[in-house]
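Have a look at entry.pdb below; it lists PDB, C-alpha atoms.
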```pdb
MODEL        1
ATOM      1  CA  MET X   1      -0.869 -14.713 -17.599
ATOM      2  CA  SER X   2      -1.191 -12.740 -20.841
ATOM      3  CA  LEU X   3       1.713 -11.233 -22.726
ATOM      4  CA  LEU X   4       0.559  -7.746 -21.720
ATOM      5  CA  GLY X   5       0.821  -8.741 -18.057
ATOM      6  CA  ASP X   6       4.393  -9.949 -18.643
ATOM      7  CA  ILE X   7       5.333  -6.729 -20.444
ATOM      8  CA  SER X   8       4.139  -4.541 -17.584
ATOM      9  CA  VAL X   9       6.124  -6.590 -15.040
ATOM     10  CA  TRP X  10       9.295  -6.507 -17.120
ATOM     11  CA  SER X  11       8.878  -2.798 -17.813
ATOM     12  CA  ILE X  12       8.816  -2.176 -14.050
ATOM     13  CA  TYR X  13      11.987  -4.258 -13.597
ATOM     14  CA  PHE X  14      13.660  -2.414 -16.472
ATOM     15  CA  SER X  15      12.629   1.043 -15.242
ATOM     16  CA  VAL X  16      13.736   0.437 -11.657
ATOM     17  CA  THR X  17      17.058  -1.039 -12.798
ATOM     18  CA  MET X  18      17.780   1.845 -15.171
ATOM     19  CA  VAL X  19      16.940   4.545 -12.623
ATOM     20  CA  ALA X  20      19.035   2.769  -9.974
ATOM     21  CA  LEU X  21      21.968   2.487 -12.404
ATOM     22  CA  ILE X  22      21.732   6.199 -13.205
ATOM     23  CA  SER X  23      21.903   7.148  -9.526
ATOM     24  CA  ILE X  24      24.849   4.795  -8.869
ATOM     25  CA  LEU X  25      26.723   6.027 -11.941
ATOM     26  CA  LEU X  26      26.274   9.676 -10.948
ATOM     27  CA  ALA X  27      27.440   8.930  -7.383
ATOM     28  CA  ALA X  28      30.513   7.105  -8.732
ATOM     29  CA  LEU X  29      31.400   9.988 -11.067
ATOM     30  CA  LEU X  30      30.924  12.455  -8.233
ATOM     31  CA  VAL X  31      33.720  10.895  -6.176
ATOM     32  CA  ARG X  32      36.385  11.818  -8.731
ATOM     33  CA  GLU X  33      34.802  15.043  -9.980
ATOM     34  CA  ARG X  34      37.044  18.041  -9.316
ATOM     35  CA  SER X  35      34.669  20.833 -10.309
ATOM     36  CA  LEU X  36      32.227  21.759  -7.547
ATOM     37  CA  VAL X  37      29.562  23.094  -9.937
ATOM     38  CA  TYR X  38      29.472  19.858 -11.949
ATOM     39  CA  GLY X  39      29.436  17.914  -8.682
ATOM     40  CA  SER X  40      26.348  19.778  -7.504
ATOM     41  CA  PHE X  41      24.655  19.041 -10.852
ATOM     42  CA  MET X  42      25.382  15.359 -10.238
ATOM     43  CA  LEU X  43      23.811  15.705  -6.795
ATOM     44  CA  ALA X  44      20.665  17.065  -8.450
ATOM     45  CA  GLY X  45      20.649  14.058 -10.812
ATOM     46  CA  ILE X  46      20.999  11.689  -7.850
ATOM     47  CA  GLY X  47      18.102  13.439  -6.092
ATOM     48  CA  ILE X  48      15.901  13.090  -9.189
ATOM     49  CA  SER X  49      16.662   9.379  -9.649
ATOM     50  CA  VAL X  50      16.139   8.632  -5.938
ATOM     51  CA  SER X  51      12.770  10.380  -6.080
ATOM     52  CA  GLY X  52      11.892   8.121  -9.039
ATOM     53  CA  LEU X  53      12.827   5.036  -7.017
ATOM     54  CA  ILE X  54      10.736   6.266  -4.080
ATOM     55  CA  ALA X  55       7.779   6.830  -6.439
ATOM     56  CA  PHE X  56       8.042   3.209  -7.636
ATOM     57  CA  LEU X  57       7.550   2.086  -4.023
ATOM     58  CA  GLY X  58       4.229   3.925  -3.864
ATOM     59  CA  TYR X  59       5.265   7.124  -2.092
ATOM     60  CA  GLN X  60       4.328   9.504  -4.894
ATOM     61  CA  ILE X  61       3.773  12.386  -2.466
ATOM     62  CA  ILE X  62       7.234  11.955  -0.961
ATOM     63  CA  ALA X  63       8.768  11.730  -4.431
ATOM     64  CA  ALA X  64       7.034  14.966  -5.396
ATOM     65  CA  ALA X  65       8.256  16.650  -2.192
ATOM     66  CA  GLN X  66      11.807  15.456  -2.896
ATOM     67  CA  LEU X  67      11.661  16.845  -6.432
ATOM     68  CA  ILE X  68      10.049  20.157  -5.579
ATOM     69  CA  VAL X  69      11.579  21.011  -2.205
ATOM     70  CA  TYR X  70      14.950  19.245  -2.174
ATOM     71  CA  VAL X  71      16.079  19.184  -5.809
ATOM     72  CA  GLY X  72      14.030  22.070  -7.158
ATOM     73  CA  ALA X  73      14.700  24.562  -4.375
ATOM     74  CA  SER X  74      17.654  23.612  -2.178
ATOM     75  CA  VAL X  75      19.988  21.956  -4.671
ATOM     76  CA  MET X  76      19.223  24.531  -7.370
ATOM     77  CA  LEU X  77      20.045  27.338  -4.932
ATOM     78  CA  PHE X  78      23.217  25.424  -4.061
ATOM     79  CA  ILE X  79      24.181  25.262  -7.758
ATOM     80  CA  VAL X  80      23.477  28.958  -8.310
ATOM     81  CA  SER X  81      25.516  29.950  -5.224
ATOM     82  CA  LEU X  82      28.477  27.822  -6.317
ATOM     83  CA  SER X  83      28.300  29.213  -9.853
ATOM     84  CA  MET X  84      28.565  32.718  -8.430
ATOM     85  CA  LEU X  85      31.827  31.788  -6.682
ATOM     86  CA  GLY X  86      33.408  30.805  -9.983
ATOM     87  CA  ASN X  87      34.542  27.438 -11.314
ATOM     88  CA  ILE X  88      36.380  26.143  -8.250
ATOM     89  CA  LYS X  89      38.335  22.925  -8.687
ATOM     90  CA  VAL X  90      39.404  20.849  -5.696
ATOM     91  CA  LYS X  91      41.948  18.092  -5.197
ATOM     92  CA  THR X  92      40.738  14.550  -4.681
ATOM     93  CA  MET X  93      42.335  11.496  -3.105
ATOM     94  CA  SER X  94      43.862   8.784  -5.293
ATOM     95  CA  ILE X  95      41.373   6.429  -6.921
ATOM     96  CA  TYR X  96      42.801   3.339  -5.200
ATOM     97  CA  LYS X  97      42.278   4.649  -1.673
ATOM     98  CA  THR X  98      38.785   5.878  -2.580
ATOM     99  CA  SER X  99      37.882   2.510  -4.109
ATOM    100  CA  ILE X 100      39.067   0.617  -1.035
ATOM    101  CA  ILE X 101      37.148   2.882   1.332
ATOM    102  CA  SER X 102      33.980   2.724  -0.783
ATOM    103  CA  THR X 103      34.160  -1.060  -1.140
ATOM    104  CA  ILE X 104      34.564  -1.633   2.591
ATOM    105  CA  ALA X 105      31.758   0.847   3.297
ATOM    106  CA  PHE X 106      29.478  -0.863   0.738
ATOM    107  CA  VAL X 107      30.020  -4.286   2.285
ATOM    108  CA  ALA X 108      29.390  -2.924   5.779
ATOM    109  CA  PHE X 109      26.239  -1.009   4.806
ATOM    110  CA  TYR X 110      24.840  -3.898   2.751
ATOM    111  CA  PHE X 111      25.424  -6.311   5.633
ATOM    112  CA  LEU X 112      23.682  -3.895   8.009
ATOM    113  CA  ILE X 113      20.736  -3.353   5.660
ATOM    114  CA  ASN X 114      20.392  -7.086   5.013
ATOM    115  CA  THR X 115      20.460  -7.936   8.717
ATOM    116  CA  VAL X 116      17.770  -5.367   9.536
ATOM    117  CA  GLU X 117      15.585  -6.604   6.676
ATOM    118  CA  LYS X 118      15.908 -10.239   7.787
ATOM    119  CA  GLU X 119      15.243  -9.405  11.450
ATOM    120  CA  LEU X 120      12.184  -7.347  10.519
ATOM    121  CA  GLY X 121      10.356 -10.464   9.419
ATOM    122  CA  TYR X 122       7.719  -8.617   7.374
ATOM    123  CA  GLU X 123       7.324  -8.827   3.636
ATOM    124  CA  LEU X 124       8.401  -5.622   1.945
ATOM    125  CA  GLY X 125       6.532  -4.310  -1.052
ATOM    126  CA  PRO X 126       4.991  -1.283  -2.749
ATOM    127  CA  THR X 127       2.336   0.548  -0.815
ATOM    128  CA  ILE X 128      -0.315   3.201  -1.391
ATOM    129  CA  VAL X 129      -0.214   6.488   0.499
ATOM    130  CA  THR X 130      -3.091   8.914   0.012
ATOM    131  CA  SER X 131      -2.675  12.599   0.715
ATOM    132  CA  ARG X 132      -5.881  12.860   2.756
ATOM    133  CA  THR X 133      -4.861  10.155   5.239
ATOM    134  CA  MET X 134      -1.332  11.531   5.361
ATOM    135  CA  SER X 135      -2.647  15.013   6.238
ATOM    136  CA  GLU X 136      -4.789  13.535   9.002
ATOM    137  CA  PHE X 137      -1.770  11.667  10.400
ATOM    138  CA  LEU X 138       0.443  14.726  10.188
ATOM    139  CA  THR X 139      -1.978  17.024  11.983
ATOM    140  CA  SER X 140      -2.960  14.496  14.646
ATOM    141  CA  GLU X 141      -0.107  12.101  15.457
ATOM    142  CA  PHE X 142       2.853  14.228  14.347
ATOM    143  CA  LEU X 143       1.709  17.741  15.175
ATOM    144  CA  THR X 144       4.461  18.264  17.777
ATOM    145  CA  GLN X 145       7.194  17.244  15.346
ATOM    146  CA  LEU X 146       5.724  19.509  12.690
ATOM    147  CA  PHE X 147       5.716  22.405  15.141
ATOM    148  CA  PHE X 148       9.359  21.882  16.132
ATOM    149  CA  ILE X 149      10.485  21.570  12.520
ATOM    150  CA  SER X 150       8.625  24.742  11.585
ATOM    151  CA  VAL X 151      10.341  26.595  14.418
ATOM    152  CA  SER X 152      13.721  25.156  13.326
ATOM    153  CA  ALA X 153      13.074  26.275   9.745
ATOM    154  CA  LEU X 154      12.290  29.789  10.932
ATOM    155  CA  LEU X 155      15.461  29.892  13.070
ATOM    156  CA  ALA X 156      17.521  28.583  10.143
ATOM    157  CA  LEU X 157      16.098  31.284   7.877
ATOM    158  CA  ILE X 158      16.963  33.990  10.382
ATOM    159  CA  SER X 159      20.478  32.544  10.838
ATOM    160  CA  ALA X 160      21.068  32.378   7.082
ATOM    161  CA  ILE X 161      19.996  36.002   6.648
ATOM    162  CA  TYR X 162      22.251  37.056   9.545
ATOM    163  CA  ILE X 163      25.235  35.156   8.121
ATOM    164  CA  ALA X 164      24.705  36.621   4.668
ATOM    165  CA  LYS X 165      24.364  40.125   6.083
ATOM    166  CA  LYS X 166      27.442  39.694   8.256
ATOM    167  CA  GLY X 167      29.465  38.657   5.210
ATOM    168  CA  GLY X 168      28.246  41.688   3.260
ATOM    169  CA  ALA X 169      28.871  44.081   6.155
ATOM    170  CA  GLY X 170      32.404  42.750   6.566
ATOM    171  CA  LYS X 171      33.105  43.361   2.911
ATOM    172  CA  ASP X 172      31.925  46.995   3.064
ATOM    173  CA  GLU X 173      34.191  47.753   6.012
TER     174      GLU X 173
ATOM    175  CA  MET W   1       7.259  -7.366  -4.418
ATOM    176  CA  SER W   2       9.810  -9.718  -5.929
ATOM    177  CA  GLU W   3      13.064 -10.497  -4.206
ATOM    178  CA  LEU W   4      14.961  -9.125  -7.202
ATOM    179  CA  LEU W   5      13.461  -5.643  -6.860
ATOM    180  CA  ILE W   6      14.120  -5.600  -3.118
ATOM    181  CA  GLU W   7      17.756  -6.569  -3.793
ATOM    182  CA  ILE W   8      18.067  -3.761  -6.363
ATOM    183  CA  TYR W   9      16.814  -1.269  -3.791
ATOM    184  CA  LYS W  10      19.146  -2.616  -1.087
ATOM    185  CA  ILE W  11      22.188  -2.555  -3.356
ATOM    186  CA  THR W  12      21.372   0.961  -4.595
ATOM    187  CA  ALA W  13      20.918   2.313  -1.070
ATOM    188  CA  SER W  14      24.173   0.657   0.114
ATOM    189  CA  LEU W  15      26.113   1.964  -2.883
ATOM    190  CA  LEU W  16      24.801   5.494  -2.428
ATOM    191  CA  LEU W  17      25.807   5.414   1.246
ATOM    192  CA  ALA W  18      29.247   3.995   0.423
ATOM    193  CA  LEU W  19      29.954   6.362  -2.469
ATOM    194  CA  GLY W  20      28.732   9.305  -0.385
ATOM    195  CA  LEU W  21      31.176   8.311   2.347
ATOM    196  CA  GLY W  22      33.922   7.996  -0.256
ATOM    197  CA  THR W  23      33.114  11.492  -1.540
ATOM    198  CA  VAL W  24      33.277  12.940   1.970
ATOM    199  CA  LEU W  25      36.661  11.318   2.673
ATOM    200  CA  SER W  26      38.186  11.893  -0.769
ATOM    201  CA  SER W  27      38.567  15.650  -0.549
ATOM    202  CA  ARG W  28      39.465  18.416   1.877
ATOM    203  CA  SER W  29      36.951  20.793   0.373
ATOM    204  CA  LEU W  30      34.024  21.797   2.599
ATOM    205  CA  VAL W  31      31.622  21.870  -0.331
ATOM    206  CA  LYS W  32      32.670  18.431  -1.582
ATOM    207  CA  MET W  33      32.156  17.008   1.915
ATOM    208  CA  LEU W  34      28.721  18.605   2.019
ATOM    209  CA  ILE W  35      27.786  17.108  -1.352
ATOM    210  CA  GLY W  36      28.962  13.676  -0.139
ATOM    211  CA  ALA W  37      26.846  14.012   2.992
ATOM    212  CA  GLU W  38      23.812  14.823   0.831
ATOM    213  CA  VAL W  39      24.443  11.714  -1.273
ATOM    214  CA  MET W  40      24.476   9.682   1.951
ATOM    215  CA  PHE W  41      21.197  11.351   2.922
ATOM    216  CA  ASN W  42      19.633  10.241  -0.361
ATOM    217  CA  GLY W  43      20.815   6.671   0.202
ATOM    218  CA  SER W  44      19.381   6.581   3.713
ATOM    219  CA  LEU W  45      16.092   8.086   2.495
ATOM    220  CA  LEU W  46      15.805   5.345  -0.117
ATOM    221  CA  TYR W  47      16.472   2.698   2.508
ATOM    222  CA  LEU W  48      13.924   4.261   4.869
ATOM    223  CA  ALA W  49      11.308   4.201   2.088
ATOM    224  CA  LEU W  50      12.057   0.517   1.396
ATOM    225  CA  ILE W  51      11.953  -0.691   4.995
ATOM    226  CA  GLY W  52       9.041   1.543   5.907
ATOM    227  CA  THR W  53       6.581  -0.079   3.524
ATOM    228  CA  VAL W  54       5.570  -2.072   6.614
ATOM    229  CA  TYR W  55       4.202   1.141   8.222
ATOM    230  CA  PRO W  56       3.547   3.339   5.180
ATOM    231  CA  TYR W  57       1.990   6.454   6.711
ATOM    232  CA  ALA W  58       4.477   6.846   9.545
ATOM    233  CA  THR W  59       7.297   6.273   7.057
ATOM    234  CA  ALA W  60       5.869   8.829   4.635
ATOM    235  CA  ILE W  61       5.706  11.461   7.336
ATOM    236  CA  PHE W  62       9.211  10.661   8.612
ATOM    237  CA  ALA W  63      10.539  10.866   5.054
ATOM    238  CA  LEU W  64       8.779  14.184   4.467
ATOM    239  CA  LEU W  65      10.166  15.670   7.671
ATOM    240  CA  ALA W  66      13.649  14.326   6.815
ATOM    241  CA  ILE W  67      13.500  15.987   3.385
ATOM    242  CA  LEU W  68      12.486  19.277   5.000
ATOM    243  CA  ILE W  69      15.308  19.107   7.537
ATOM    244  CA  ALA W  70      17.855  18.180   4.864
ATOM    245  CA  SER W  71      16.762  21.118   2.705
ATOM    246  CA  ILE W  72      17.069  23.509   5.642
ATOM    247  CA  GLU W  73      20.498  22.116   6.538
ATOM    248  CA  LEU W  74      21.704  22.386   2.937
ATOM    249  CA  LEU W  75      20.633  26.006   2.641
ATOM    250  CA  LEU W  76      22.268  26.941   5.926
ATOM    251  CA  ALA W  77      25.468  25.095   4.989
ATOM    252  CA  VAL W  78      25.567  26.964   1.674
ATOM    253  CA  SER W  79      25.524  30.328   3.431
ATOM    254  CA  ILE W  80      28.284  29.205   5.835
ATOM    255  CA  VAL W  81      30.443  27.908   2.988
ATOM    256  CA  ILE W  82      30.027  31.132   1.021
ATOM    257  CA  LEU W  83      31.001  33.181   4.077
ATOM    258  CA  TYR W  84      34.035  30.913   4.651
ATOM    259  CA  TYR W  85      35.071  31.272   1.018
ATOM    260  CA  ARG W  86      34.734  35.073   1.187
ATOM    261  CA  THR W  87      36.942  35.153   4.298
ATOM    262  CA  HIS W  88      39.619  32.607   3.361
ATOM    263  CA  ARG W  89      39.419  32.708  -0.442
ATOM    264  CA  GLU W  90      39.869  28.950  -0.651
ATOM    265  CA  PRO W  91      37.474  26.028  -0.338
ATOM    266  CA  GLU W  92      39.761  23.671   1.577
ATOM    267  CA  VAL W  93      39.137  23.149   5.257
ATOM    268  CA  ILE W  94      42.408  21.644   6.476
ATOM    269  CA  LYS W  95      45.628  23.557   6.105
ATOM    270  CA  THR W  96      49.151  22.264   6.456
ATOM    271  CA  ILE W  97      50.554  23.164   9.889
ATOM    272  CA  PRO W  98      53.833  25.089   9.544
ATOM    273  CA  GLU W  99      56.994  23.415  10.897
ATOM    274  CA  GLY W 100      57.466  25.877  13.751
ATOM    275  CA  ASP W 101      53.944  25.452  15.136
ATOM    276  CA  ARG W 102      54.025  21.638  15.458
TER     277      ARG W 102
ENDMDL
END
```
Structure encoded using structure tokens:
Amino acid sequence: MSLLGDISVWSIYFSVTMVALISILLAALLVRERSLVYGSFMLAGIGISVSGLIAFLGYQIIAAAQLIVYVGASVMLFIVSLSMLGNIKVKTMSIYKTSIISTIAFVAFYFLINTVEKELGYELGPTIVTSRTMSEFLTSEFLTQLFFISVSALLALISAIYIAKKGGAGKDE
Amino acid sequence: MSELLIEIYKITASLLLALGLGTVLSSRSLVKMLIGAEVMFNGSLLYLALIGTVYPYATAIFALLAILIASIELLLAVSIVILYYRTHREPEVIKTIPEGDR
């Protein structure tokens, strides 16, 4: 194998490790963060790094959807809404209790994930997902699910408008 | 894909789930709990993407639909939290019960 081949492999290892470390670091800082606005910015950072990790697996379309829809629209709206409420600070539990809970949860989740991966029996690895084939799947095999989610999105939009209006009407009275 | 990369993905997904759970339990604030739940969602999405490389197209569609549902849920939760904050003027969800009412 040439040196260039080695560099590309090590660059993938390095990139994946760095992006994973960024997401873990942001999640760890979020636990003790008292300001809600800064916490929501950390959530956006976690969303961006997770989309990078998903892109490395070969799901570039899903990574783009995560960036555009989840981080770019929902989380940004979340940040703007929280900023309008002012800089609210909340109390957090002591670091020792949080560490114990997180450690136990990590061990349990890792054991669960490991068991499922071993029982699966297939070799995991990066894949290629093309948008044309994905569109065909979505409109043929998953049309019912798409319909129900579209209806749910419409109902959620109507509910959000009603809740916002109700809050404004209450304030005027 | 090398075992090392798979381990990195598994550890990252587990840590995101665990730290998200820690965030949810560490505070009484509604918004902080919501943010912790979203961190757990990101961890589970990463794990779904890793395991689902066996069936890539079905996994891609499930992940896409999960992202859509999570976005809808986040937006709706934001409006509820803002309404709660306007009514109660505080972000905490659990109040101390007065002595006489216990």
All residues 9 Å or closer to Ala18 of chain W, only C-alpha atoms, same chain fewer than 5 positions away omitted, as a list in words: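 Surrounding residues, per the criterion: Ile101, Ser102, Thr103, Ile104, Ala105, Phe106, Val107, Ala108 and Phe109 of chain X; Ala13, Thr23, Met40 and Gly43 of chain W.
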Enumerate, as a PyMOL selection string, the residues matched when the PyMOL selection byres ((chain X) within 7 of (chain W)) is run on the file above. chain X and resi 20+24+27-28+31+36+40+43+47+50+54+59+62+66+70+74+78+90-93+98+101-102+105-106+109-110+113+122+124-127+129+134+138+153+156+160+163-164+167
I'd like the interatomic distance between atom CA of Ser83 of chain X and atom CA of Ile161 of chain X, to a tenth of an Å. 19.7 Å
Atom-to-atom span, atom CA of Ile95 of chain X and atom CA of Val37 of chain X, Å: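 Interatomic distance here is 20.6 Å.
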Kindly give the distance, in Å, that separates atom CA of Val16 of chain X and atom CA of Ser49 of chain X, rounded to a single decimal.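 Interatomic distance here is 9.6 Å.
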